$ cat structure.cif   # mmCIF, C-alpha atoms
data_coords
loop_
_atom_site.label_atom_id
_atom_site.label_comp_id
_atom_site.auth_asym_id
_atom_site.auth_seq_id
_atom_site.Cartn_x
_atom_site.Cartn_y
_atom_site.Cartn_z
CA MET O 85 -45.23 -19.00 12.52
CA ASN O 86 -44.50 -15.75 10.73
CA ASP O 87 -42.43 -14.60 7.76
CA ASP O 88 -39.61 -13.49 10.06
CA LEU O 89 -38.85 -17.10 10.87
CA TYR O 90 -38.67 -17.97 7.19
CA ASN O 91 -36.42 -14.97 6.49
CA ASP O 92 -34.16 -15.85 9.41
CA LEU O 93 -33.87 -19.42 8.21
CA LEU O 94 -33.27 -18.21 4.66
CA GLU O 95 -30.46 -15.91 5.77
CA ALA O 96 -28.98 -18.68 7.88
CA SER O 97 -29.08 -21.04 4.89
CA TRP O 98 -27.07 -18.54 2.79
CA HIS O 99 -24.31 -18.77 5.35
CA ARG O 100 -24.32 -22.34 6.64
CA LYS O 101 -26.19 -25.62 6.65
CA LEU O 102 -29.34 -25.51 8.72
CA THR O 103 -29.40 -27.56 11.87
CA ALA O 104 -31.86 -30.47 12.18
CA GLU O 105 -34.04 -28.34 14.42
CA GLU O 106 -34.06 -25.49 11.92
CA GLU O 107 -34.83 -27.93 9.09
CA ALA O 108 -37.82 -29.18 11.03
CA GLN O 109 -38.99 -25.63 11.67
CA LEU O 110 -38.65 -24.87 7.98
CA ARG O 111 -40.57 -27.94 6.93
CA GLY O 112 -43.37 -26.94 9.26
CA TRP O 113 -43.40 -23.41 7.93
CA LEU O 114 -43.40 -24.56 4.29
CA ALA O 115 -46.25 -26.94 5.01
CA ALA O 116 -48.25 -23.91 6.12
CA HIS O 117 -47.03 -21.81 3.18
CA PRO O 118 -46.84 -24.11 0.14
CA GLU O 119 -46.60 -21.08 -2.20
CA LYS O 120 -43.08 -20.54 -0.86
CA GLN O 121 -41.98 -24.08 -1.63
CA SER O 122 -40.62 -23.33 -5.12
CA GLU O 123 -38.80 -20.23 -3.87
CA TRP O 124 -37.15 -22.28 -1.16
CA GLU O 125 -36.13 -24.92 -3.68
CA GLU O 126 -34.49 -22.23 -5.82
CA GLU O 127 -32.61 -20.92 -2.82
CA LEU O 128 -31.51 -24.41 -1.90
CA ALA O 129 -30.37 -25.16 -5.45
CA LEU O 130 -28.40 -21.90 -5.60
CA ASN O 131 -26.76 -22.71 -2.25
CA GLN O 132 -25.67 -26.06 -3.63
CA GLN O 133 -24.24 -24.50 -6.78
CA LEU O 134 -22.39 -21.84 -4.80
CA GLU O 135 -20.93 -24.56 -2.58
CA ARG O 136 -19.67 -26.24 -5.73
CA LEU O 137 -17.83 -23.13 -6.89
CA PRO O 138 -14.29 -24.39 -7.34
CA ASN O 139 -11.47 -23.06 -5.23
CA ALA O 140 -9.01 -20.89 -7.11
CA PRO O 141 -5.95 -22.97 -7.96
CA LEU O 142 -3.12 -22.33 -5.58
CA ALA O 143 0.57 -23.10 -5.95
CA SER O 144 1.54 -26.00 -3.70
CA ASN O 145 4.46 -23.96 -2.38
CA PHE O 146 2.38 -20.84 -1.80
CA THR O 147 3.37 -20.56 1.86
CA ALA O 148 7.05 -21.06 1.02
CA GLN O 149 6.78 -18.39 -1.66
CA VAL O 150 5.23 -15.96 0.81
CA LEU O 151 7.97 -16.64 3.37
CA GLY O 152 10.61 -16.24 0.65
CA LYS O 153 9.13 -12.93 -0.45
CA LEU O 154 8.94 -11.86 3.18
CA ASP O 155 12.67 -12.56 3.64
CA LEU O 156 13.48 -10.57 0.51
CA GLU O 157 11.25 -7.74 1.64
CA LEU O 158 12.76 -7.63 5.13
CA ARG O 159 16.30 -7.67 3.73
CA ARG O 160 15.41 -4.86 1.34
CA GLU O 161 13.92 -2.84 4.18
CA GLU O 162 17.05 -3.44 6.27
CA ARG O 163 19.21 -2.21 3.39
CA GLU O 164 17.02 0.83 2.97
CA ALA O 165 17.11 1.50 6.69
CA ALA O 166 20.92 1.15 6.68
CA ARG O 167 21.31 3.58 3.79
CA PRO O 168 20.13 6.64 5.76
CA ARG O 169 22.37 5.56 8.65
CA LYS O 170 25.40 5.55 6.31
CA PHE O 171 24.38 8.89 4.93
CA ALA O 172 23.90 10.26 8.44
CA ALA O 173 27.36 9.04 9.47
CA TRP O 174 28.88 10.54 6.33
CA TRP O 175 26.99 13.75 6.98
CA ARG O 176 28.05 13.83 10.62
CA GLY O 177 31.69 13.45 9.51
CA LEU O 178 31.27 16.13 6.93
CA VAL O 179 29.80 18.78 9.20
CA PRO O 180 32.93 19.48 11.33
CA ARG O 181 35.05 19.65 8.17
CA PHE O 182 32.60 22.00 6.59
CA VAL O 183 32.49 24.17 9.72
CA SER O 184 36.33 24.29 9.89
CA VAL O 185 36.60 25.33 6.26
CA LEU O 186 33.89 27.91 6.80
CA LEU O 187 35.67 29.36 9.86
CA LEU O 188 39.00 29.51 8.00
CA GLY O 189 37.29 31.18 5.10
CA LEU O 190 35.66 33.71 7.42
CA LEU O 191 38.99 34.46 9.13
CA ALA O 192 40.78 34.88 5.81
CA GLY O 193 37.99 37.08 4.52
CA THR O 194 38.06 39.24 7.66
CA ALA O 195 41.86 39.60 7.42
CA VAL O 196 41.66 40.65 3.78
CA VAL O 197 38.93 43.17 4.55
CA GLN O 198 40.89 44.59 7.51
CA TYR O 199 44.08 44.81 5.44
CA ARG O 200 42.24 46.72 2.74
CA GLU O 201 40.67 49.02 5.33
CA ARG O 202 44.06 49.77 6.80
CA GLN O 203 45.55 50.49 3.37
CA ARG O 204 42.68 52.81 2.64
CA GLU O 205 43.16 54.63 5.97
CA GLU O 206 46.90 55.06 5.30
CA MET O 207 46.13 56.42 1.88
CA VAL O 208 43.67 58.87 3.37
CA ASP O 209 46.22 59.98 6.00
CA GLY O 210 48.82 60.55 3.25
CA LEU O 211 46.34 62.53 1.23
CA ILE O 212 45.49 64.71 4.25
CA HIS O 213 49.20 65.62 4.64
CA VAL O 214 49.77 66.20 0.95
CA ALA O 215 46.52 67.99 0.18
CA PRO O 216 47.46 71.49 1.53
CA VAL O 217 50.80 71.48 -0.31
CA ALA O 218 49.30 70.12 -3.46
CA SER O 219 46.70 72.85 -3.48
CA VAL O 220 49.35 75.74 -3.50
CA LEU O 221 51.78 74.22 -5.91
CA GLN O 222 51.88 76.08 -9.17
CA PRO O 223 53.53 74.91 -12.38
CA GLU O 224 56.04 77.85 -12.18
CA VAL O 225 57.32 76.57 -8.87
CA LEU O 226 57.92 73.18 -10.32
CA GLN O 227 59.91 74.70 -13.19
CA ASN O 228 62.96 75.25 -10.91
CA PHE O 229 62.23 72.20 -8.77
CA ASP O 230 65.42 70.36 -9.75
CA ALA O 231 67.67 73.35 -9.04
CA ILE O 232 66.02 73.99 -5.70
CA HIS O 233 66.13 70.30 -4.87
CA ARG O 234 69.87 70.23 -5.60
CA LEU O 235 70.37 73.21 -3.28
CA GLY O 236 69.38 70.97 -0.44
CA HIS O 237 72.46 68.82 -1.09
CA VAL O 238 74.96 71.71 -1.16
CA PRO O 239 77.20 71.67 1.99
CA ALA O 240 76.62 74.44 4.52
CA VAL O 241 80.21 75.65 4.02
CA SER O 242 79.37 76.76 0.48
CA ASP O 243 76.59 78.91 1.86
CA GLU O 244 78.91 80.59 4.27
CA GLU O 245 81.46 81.21 1.48
CA LEU O 246 78.76 82.69 -0.66
CA LEU O 247 77.61 84.94 2.18
CA ALA O 248 81.15 86.17 2.81
CA ALA O 249 81.65 86.93 -0.85
CA LEU O 250 78.44 88.89 -0.98
CA GLN O 251 79.46 91.00 2.00
CA MET S 300 -2.62 -5.59 26.19
CA LEU S 301 -4.86 -7.49 28.62
CA LEU S 302 -7.77 -6.90 26.29
CA ASP S 303 -5.67 -8.27 23.43
CA LEU S 304 -4.91 -11.44 25.35
CA MET S 305 -8.54 -11.93 26.37
CA SER S 306 -9.74 -11.45 22.82
CA ALA S 307 -7.01 -13.73 21.53
CA GLN S 308 -8.37 -16.49 23.72
CA VAL S 309 -11.69 -16.18 21.89
CA ASP S 310 -10.15 -16.03 18.39
CA PRO S 311 -7.28 -18.52 17.90
CA ASP S 312 -6.17 -16.68 14.76
CA ALA S 313 -5.85 -13.50 16.78
CA ALA S 314 -3.67 -15.43 19.21
CA LEU S 315 -1.46 -16.47 16.29
CA MET S 316 -1.39 -12.89 15.09
CA LEU S 317 -0.22 -11.70 18.50
CA ARG S 318 2.66 -14.18 18.15
CA VAL S 319 3.37 -12.81 14.67
CA ARG S 320 3.47 -9.35 16.23
CA GLU S 321 6.31 -10.63 18.40
CA GLY S 322 8.13 -11.79 15.27
CA ASP S 323 7.12 -15.49 15.38
CA ARG S 324 7.50 -16.72 11.80
CA ASP S 325 6.04 -20.15 12.54
CA ALA S 326 2.81 -18.51 13.68
CA PHE S 327 2.83 -16.48 10.49
CA ALA S 328 3.31 -19.62 8.36
CA LEU S 329 0.34 -21.19 10.17
CA LEU S 330 -1.83 -18.18 9.39
CA VAL S 331 -0.76 -18.27 5.74
CA ASP S 332 -1.64 -21.97 5.54
CA ARG S 333 -5.00 -21.37 7.16
CA TYR S 334 -6.06 -18.39 5.06
CA LYS S 335 -4.32 -18.86 1.70
CA GLN S 336 -7.29 -20.57 0.03
CA PRO S 337 -10.09 -18.22 1.17
CA VAL S 338 -7.91 -15.19 0.41
CA MET S 339 -6.94 -16.57 -2.99
CA ASN S 340 -10.60 -17.36 -3.78
CA LEU S 341 -11.65 -13.81 -2.99
CA VAL S 342 -8.74 -12.19 -4.83
CA ALA S 343 -8.95 -14.46 -7.90
CA ARG S 344 -12.67 -13.87 -8.31
CA THR S 345 -12.21 -10.13 -7.88
CA LEU S 346 -9.27 -9.72 -10.26
CA ARG S 347 -10.10 -12.59 -12.66
CA ASP S 348 -6.45 -13.10 -13.51
CA LEU S 349 -4.79 -16.01 -11.76
CA THR S 350 -1.20 -14.85 -12.05
CA GLU S 351 -2.08 -11.41 -10.80
CA ALA S 352 -4.32 -12.90 -8.13
CA GLU S 353 -1.57 -15.11 -6.71
CA ASP S 354 0.75 -12.13 -6.59
CA VAL S 355 -1.83 -9.98 -4.82
CA ALA S 356 -2.73 -12.84 -2.44
CA GLN S 357 0.93 -13.17 -1.47
CA HIS S 358 1.08 -9.42 -1.02
CA VAL S 359 -1.92 -9.64 1.34
CA PHE S 360 0.09 -11.89 3.66
CA LEU S 361 3.18 -9.69 3.41
CA GLN S 362 0.96 -6.77 4.38
CA VAL S 363 -0.36 -8.77 7.32
CA TYR S 364 3.20 -9.41 8.54
CA LYS S 365 4.33 -5.85 8.04
CA SER S 366 1.25 -4.42 9.74
CA ALA S 367 1.45 -6.88 12.62
CA HIS S 368 2.83 -4.24 14.99
CA ARG S 369 -0.33 -2.17 14.39
CA TYR S 370 -2.65 -5.15 14.89
CA GLU S 371 -5.05 -4.86 17.80
CA VAL S 372 -7.55 -7.53 18.61
CA THR S 373 -10.60 -5.34 18.20
CA ALA S 374 -12.16 -7.63 15.59
CA LYS S 375 -11.67 -11.16 14.37
CA PHE S 376 -8.49 -11.79 12.43
CA SER S 377 -10.51 -12.97 9.42
CA THR S 378 -12.22 -9.57 9.22
CA TRP S 379 -8.84 -7.86 9.22
CA ILE S 380 -7.25 -10.06 6.57
CA PHE S 381 -10.28 -9.96 4.25
CA THR S 382 -10.33 -6.17 4.58
CA ILE S 383 -6.67 -6.05 3.56
CA ALA S 384 -7.38 -8.44 0.67
CA ARG S 385 -10.30 -6.38 -0.57
CA ASN S 386 -8.38 -3.11 -0.31
CA LEU S 387 -5.45 -4.51 -2.25
CA CYS S 388 -7.83 -5.83 -4.92
CA LEU S 389 -9.49 -2.43 -5.22
CA ASN S 390 -6.06 -0.78 -5.46
CA GLU S 391 -5.14 -3.21 -8.22
CA ILE S 392 -8.39 -2.53 -10.08
CA ARG S 393 -7.79 1.23 -9.76
CA ARG S 394 -4.22 0.78 -11.00
CA ARG S 395 -5.51 -1.15 -14.00
CA SER S 396 -8.09 1.51 -14.76
CA ARG S 397 -5.29 4.08 -14.85
CA HIS S 398 -3.37 1.83 -17.24
CA PRO S 399 -6.04 0.54 -19.64
CA ALA S 400 -3.50 -1.69 -21.38
CA ASP S 401 -3.68 -4.01 -18.34
CA SER S 402 -7.41 -3.59 -17.78
CA ILE S 403 -9.68 -6.29 -16.48
CA ASP S 404 -11.66 -6.12 -19.71
CA ALA S 405 -8.52 -6.98 -21.65
CA THR S 406 -7.95 -10.07 -19.56
CA ARG S 407 -11.63 -10.93 -19.67
CA GLU S 408 -11.57 -11.23 -23.45
CA GLY S 409 -8.45 -13.37 -23.39
CA ASP S 410 -6.56 -15.04 -26.20
CA GLU S 411 -5.04 -18.42 -26.88
CA GLU S 412 -2.00 -17.80 -24.73
CA HIS S 413 -3.87 -16.11 -21.90
CA PRO S 414 -7.34 -17.54 -21.71
CA ALA S 415 -9.87 -15.38 -19.94
CA ARG S 416 -11.41 -18.23 -17.98
CA GLN S 417 -8.26 -19.26 -16.23
CA LEU S 418 -10.08 -20.47 -13.15
CA GLU S 419 -11.81 -23.12 -15.20
CA ASP S 420 -8.56 -24.60 -16.40
CA ALA S 421 -7.79 -25.91 -12.97
CA ARG S 422 -11.07 -27.77 -12.65
CA THR S 423 -11.20 -31.48 -12.72
CA PHE S 424 -14.40 -33.34 -13.34
CA SER S 425 -14.92 -36.77 -11.99
CA PRO S 426 -16.37 -39.29 -14.47
CA PRO S 427 -19.97 -39.05 -13.20
CA ASP S 428 -20.06 -35.31 -13.90
CA THR S 429 -22.22 -34.70 -16.92
CA LEU S 430 -21.51 -32.11 -19.59
CA LEU S 431 -24.66 -30.36 -18.48
CA GLN S 432 -23.40 -30.10 -14.93
CA ARG S 433 -20.11 -28.72 -16.19
CA GLU S 434 -21.93 -26.16 -18.27
CA LEU S 435 -23.97 -25.15 -15.26
CA GLU S 436 -20.87 -24.72 -13.11
CA ILE S 437 -19.33 -22.52 -15.78
CA LYS S 438 -22.51 -20.46 -15.94
CA VAL S 439 -22.59 -20.06 -12.16
CA ASP S 440 -18.94 -19.05 -12.21
CA GLU S 441 -19.55 -16.49 -14.94
CA ALA S 442 -22.64 -15.13 -13.23
CA VAL S 443 -20.75 -14.72 -9.94
CA ASN S 444 -17.86 -13.00 -11.72
CA ALA S 445 -20.26 -10.62 -13.45
CA LEU S 446 -21.72 -9.38 -10.16
CA PRO S 447 -20.80 -5.89 -8.94
CA GLU S 448 -17.71 -6.00 -6.72
CA LYS S 449 -19.48 -5.37 -3.41
CA GLN S 450 -22.20 -7.92 -4.08
CA ARG S 451 -19.66 -10.50 -5.19
CA THR S 452 -17.41 -9.94 -2.17
CA ALA S 453 -20.38 -10.15 0.18
CA LEU S 454 -21.58 -13.35 -1.49
CA LEU S 455 -18.14 -14.98 -1.44
CA LEU S 456 -17.46 -14.06 2.18
CA CYS S 457 -20.89 -15.36 3.05
CA ARG S 458 -19.69 -18.78 1.87
CA GLN S 459 -17.12 -18.72 4.68
CA GLU S 460 -19.03 -20.25 7.55
CA ASP S 461 -16.77 -18.70 10.16
CA VAL S 462 -17.31 -15.16 8.85
CA SER S 463 -20.45 -13.64 10.30
CA TYR S 464 -22.67 -11.05 8.65
CA GLU S 465 -21.29 -8.48 11.11
CA GLU S 466 -17.76 -9.27 9.97
CA ILE S 467 -18.69 -9.12 6.30
CA ALA S 468 -20.26 -5.73 7.00
CA LYS S 469 -16.98 -4.55 8.57
CA VAL S 470 -14.97 -5.76 5.57
CA LEU S 471 -17.30 -3.92 3.20
CA GLY S 472 -17.58 -0.88 5.42
CA CYS S 473 -21.38 -0.90 5.56
CA SER S 474 -24.15 -1.89 7.93
CA VAL S 475 -25.30 -5.46 8.54
CA SER S 476 -28.65 -4.76 6.92
CA ALA S 477 -26.92 -3.28 3.88
CA THR S 478 -24.71 -6.38 3.72
CA LYS S 479 -27.71 -8.70 3.80
CA SER S 480 -29.32 -6.57 1.12
CA LEU S 481 -26.18 -6.89 -1.04
CA ILE S 482 -26.23 -10.67 -0.65
CA HIS S 483 -29.94 -10.80 -1.37
CA ARG S 484 -29.53 -8.75 -4.55
CA ALA S 485 -26.57 -10.87 -5.65
CA ARG S 486 -28.60 -14.04 -5.17
CA GLU S 487 -31.58 -12.59 -7.00
CA THR S 488 -29.32 -11.73 -9.95
CA LEU S 489 -27.86 -15.22 -9.95
CA LYS S 490 -31.26 -16.85 -9.78
CA GLU S 491 -32.47 -14.66 -12.62
CA GLN S 492 -29.48 -15.43 -14.82
CA LEU S 493 -29.56 -19.14 -14.05
CA LYS S 494 -33.30 -19.49 -14.40
CA PRO S 495 -33.14 -21.26 -17.80
CA TYR S 496 -31.08 -23.99 -16.18
CA LEU S 497 -33.54 -24.20 -13.35
CA LYS S 498 -36.41 -24.48 -15.78
CA THR S 499 -34.73 -27.31 -17.68
CA GLY S 500 -34.36 -29.05 -14.37
CA VAL S 501 -30.58 -29.17 -14.55
CA TRP S 502 -30.30 -28.03 -10.97
CA HIS S 503 -32.40 -30.91 -9.81
CA GLU S 504 -30.42 -33.35 -11.95
CA ALA S 505 -27.22 -31.96 -10.55
CA ASP S 506 -28.31 -32.39 -6.92
#
$ encode --input "structure.cif" --output "structure tokens"
Amino acid sequence: MNDDLYNDLLEASWHRKLTAEEEAQLRGWLAAHPEKQSEWEEELALNQQLERLPNAPLASNFTAQVLGKLDLELRREEREAARPRKFAAWWRGLVPRFVSVLLLGLLAGTAVVQYRERQREEMVDGLIHVAPVASVLQPEVLQNFDAIHRLGHVPAVSDEELLAALQ
Amino acid sequence: MLLDLMSAQVDPDAALMLRVREGDRDAFALLVDRYKQPVMNLVARTLRDLTEAEDVAQHVFLQVYKSAHRYEVTAKFSTWIFTIARNLCLNEIRRRSRHPADSIDATREGDEEHPARQLEDARTFSPPDTLLQRELEIKVDEAVNALPEKQRTALLLCRQEDVSYEEIAKVLGCSVSATKSLIHRARETLKEQLKPYLKTGVWHEAD
């Protein structure tokens, strides 16, 4: 028998109790290798002590606690999942309103801009008509403006009378 | 799906897990009952704080339930749950290292209100147990707790008869030979530290 057998049996003993057949094999091997006897005894003693390691204390209602926590967790997840749905619904309701307000705003803005454009065009037209006159007007002309302006309101008959008198 | 069902026939826990995946709470409760002690043992020995350990152990099962829809029977259920348990423990240890006020060292020292050796408090000793035997058990416990995390996890999982070396290797994310090496080194450390007790013959008396 070789060392591999001993190592295999050793590894098996770390993990589980050896079967009767394995025990017999081991005894045979140790009989042929007495120098390994003390090592084997150490291994065996350590196995026994490790088996005696106490279980960590566990609450008697551990399973119930886990199920309780699971319920809480699932409810919390449901609430969290519902929150985005509410937000989405609110958002979906908000979008048409926002679009309507935006369209109204755009229309109002366009109207204001067009109105201002039109005013500006009218002003330009007026200026085009007035510009030639304004350029020839001299202050001397404006001195007798009132008298000349009043002449426009004098009845035509007066003109004829004046003409006759002059002749 | 067919593969899942075939594998589930081999591993009864996987079959339960497939039921959990369908939302079966009874199957989940069965799995919790079956695995609460091994999971708690691993978590408590890794974190060394019972209150924290129970919380993390419960979280392991919540994680199992929440991840059920992702569960595929590619490995034994025990491998999966111990991997989750180990990862959560490592996360907790990392969290503590970022917040030194809650560090493992702080809990290790302990005080009157929060004794460091909380696991020992729950022990009961039957009348035939000698003081020497109790001392030895405490020493073994301390020596196991002092092992590096990977060695300790490998050693503790090795105690679970239904968890093979291959499965332990998967939990630890290393090869089978590396796993055996970890266990070997852990045992050598324990034997070295417990040698005085061996020399006094306590081990033999305790047998």
$ interface_residues --input "structure.cif" --of "chain S" --to "chain O" --cutoff "7 Å" --atoms "all atoms listed in the file" --output "count of residues only"
15
$ resolve_selection --input "structure.cif" --expression "the PyMOL selection byres ((chain S and resi 360) around 9)" --output "tab-separated table (two decimals) with C-alpha atoms, in the coordinates of the input"
chain	number	residue	atom	x	y	z
O	150	VAL	CA	5.23	-15.96	0.81
O	154	LEU	CA	8.94	-11.86	3.18
S	327	PHE	CA	2.83	-16.48	10.49
S	330	LEU	CA	-1.83	-18.18	9.39
S	331	VAL	CA	-0.76	-18.27	5.74
S	335	LYS	CA	-4.32	-18.86	1.70
S	355	VAL	CA	-1.83	-9.98	-4.82
S	356	ALA	CA	-2.73	-12.84	-2.44
S	357	GLN	CA	0.93	-13.17	-1.47
S	358	HIS	CA	1.08	-9.42	-1.02
S	359	VAL	CA	-1.92	-9.64	1.34
S	361	LEU	CA	3.18	-9.69	3.41
S	362	GLN	CA	0.96	-6.77	4.38
S	363	VAL	CA	-0.36	-8.77	7.32
S	364	TYR	CA	3.20	-9.41	8.54
S	365	LYS	CA	4.33	-5.85	8.04
S	380	ILE	CA	-7.25	-10.06	6.57
S	383	ILE	CA	-6.67	-6.05	3.56
S	384	ALA	CA	-7.38	-8.44	0.67
$ atom_distance --input "structure.cif" --atom1 "CA of Val319 in chain S" --atom2 "CA of Ile392 in chain S"
29.3 Å
$ resolve_selection --input "structure.cif" --expression "the PyMOL selection byres ((chain O and resi 107-113) around 9)" --output "compact mmCIF listing (two decimals) with C-alpha atoms, keeping the file's coordinate frame"
# COMPACT_ATOMS: atom_id res chain seq x y z
CA MET O 85 -45.23 -19.00 12.52
CA ASN O 86 -44.50 -15.75 10.73
CA ASP O 87 -42.43 -14.60 7.76
CA LEU O 89 -38.85 -17.10 10.87
CA TYR O 90 -38.67 -17.97 7.19
CA LEU O 93 -33.87 -19.42 8.21
CA LEU O 102 -29.34 -25.51 8.72
CA THR O 103 -29.40 -27.56 11.87
CA ALA O 104 -31.86 -30.47 12.18
CA GLU O 105 -34.04 -28.34 14.42
CA GLU O 106 -34.06 -25.49 11.92
CA LEU O 114 -43.40 -24.56 4.29
CA ALA O 115 -46.25 -26.94 5.01
CA ALA O 116 -48.25 -23.91 6.12
CA HIS O 117 -47.03 -21.81 3.18
CA PRO O 118 -46.84 -24.11 0.14
$ residues_around --input "structure.cif" --residues "Arg320 in chain S" --least-positions-apart "6" --cutoff "12 Å" --atoms "all atoms listed in the file" --output "PDB file with C-alpha atoms, in the coordinates of the input"
ATOM      1  CA  ASP S 303      -5.670  -8.270  23.430  1.00  0.00           C
ATOM      2  CA  ALA S 313      -5.850 -13.500  16.780  1.00  0.00           C
ATOM      3  CA  ALA S 314      -3.670 -15.430  19.210  1.00  0.00           C
ATOM      4  CA  ALA S 326       2.810 -18.510  13.680  1.00  0.00           C
ATOM      5  CA  PHE S 327       2.830 -16.480  10.490  1.00  0.00           C
ATOM      6  CA  VAL S 363      -0.360  -8.770   7.320  1.00  0.00           C
ATOM      7  CA  TYR S 364       3.200  -9.410   8.540  1.00  0.00           C
ATOM      8  CA  LYS S 365       4.330  -5.850   8.040  1.00  0.00           C
ATOM      9  CA  SER S 366       1.250  -4.420   9.740  1.00  0.00           C
ATOM     10  CA  ALA S 367       1.450  -6.880  12.620  1.00  0.00           C
ATOM     11  CA  HIS S 368       2.830  -4.240  14.990  1.00  0.00           C
ATOM     12  CA  ARG S 369      -0.330  -2.170  14.390  1.00  0.00           C
ATOM     13  CA  TYR S 370      -2.650  -5.150  14.890  1.00  0.00           C
ATOM     14  CA  GLU S 371      -5.050  -4.860  17.800  1.00  0.00           C
ATOM     15  CA  VAL S 372      -7.550  -7.530  18.610  1.00  0.00           C
TER      16      VAL S 372
END
$ atom_distance --input "structure.cif" --atom1 "CA of Leu94 in chain O" --atom2 "CA of Pro447 in chain S"
22.2 Å
$ atom_distance --input "structure.cif" --atom1 "CA of Met207 in chain O" --atom2 "CA of Thr194 in chain O"
19.8 Å
$ decode --input "structure.cif" --residues "range 453-465 of chain S" --atoms "N, CA and C atoms" --output "tab-separated table (two decimals), in the first residue's frame"
chain	number	residue	atom	x	y	z
S	453	ALA	N	-13.20	27.09	4.68
S	453	ALA	CA	-12.97	25.75	4.11
S	453	ALA	C	-13.11	24.68	5.18
S	454	LEU	N	-12.53	24.93	6.34
S	454	LEU	CA	-12.56	23.96	7.44
S	454	LEU	C	-14.00	23.74	7.94
S	455	LEU	N	-14.74	24.84	8.06
S	455	LEU	CA	-16.11	24.73	8.58
S	455	LEU	C	-17.03	24.03	7.57
S	456	LEU	N	-16.85	24.36	6.30
S	456	LEU	CA	-17.68	23.71	5.28
S	456	LEU	C	-17.33	22.22	5.17
S	457	CYS	N	-16.07	21.95	5.45
S	457	CYS	CA	-15.61	20.56	5.39
S	457	CYS	C	-16.32	19.70	6.46
S	458	ARG	N	-16.78	20.37	7.52
S	458	ARG	CA	-17.50	19.64	8.57
S	458	ARG	C	-18.87	19.18	8.07
S	459	GLN	N	-19.39	19.89	7.06
S	459	GLN	CA	-20.70	19.52	6.51
S	459	GLN	C	-20.49	18.30	5.61
S	460	GLU	N	-20.99	17.17	6.06
S	460	GLU	CA	-20.74	15.94	5.31
S	460	GLU	C	-21.29	15.99	3.89
S	461	ASP	N	-22.40	16.74	3.72
S	461	ASP	CA	-23.03	16.72	2.39
S	461	ASP	C	-22.43	17.77	1.45
S	462	VAL	N	-21.39	18.46	1.90
S	462	VAL	CA	-20.72	19.43	1.02
S	462	VAL	C	-19.37	18.85	0.61
S	463	SER	N	-19.25	18.57	-0.69
S	463	SER	CA	-18.02	17.93	-1.16
S	463	SER	C	-16.88	18.94	-1.30
S	464	TYR	N	-15.68	18.42	-1.50
S	464	TYR	CA	-14.53	19.31	-1.71
S	464	TYR	C	-14.75	20.18	-2.95
S	465	GLU	N	-15.37	19.60	-3.97
S	465	GLU	CA	-15.63	20.35	-5.21
S	465	GLU	C	-16.55	21.54	-4.92
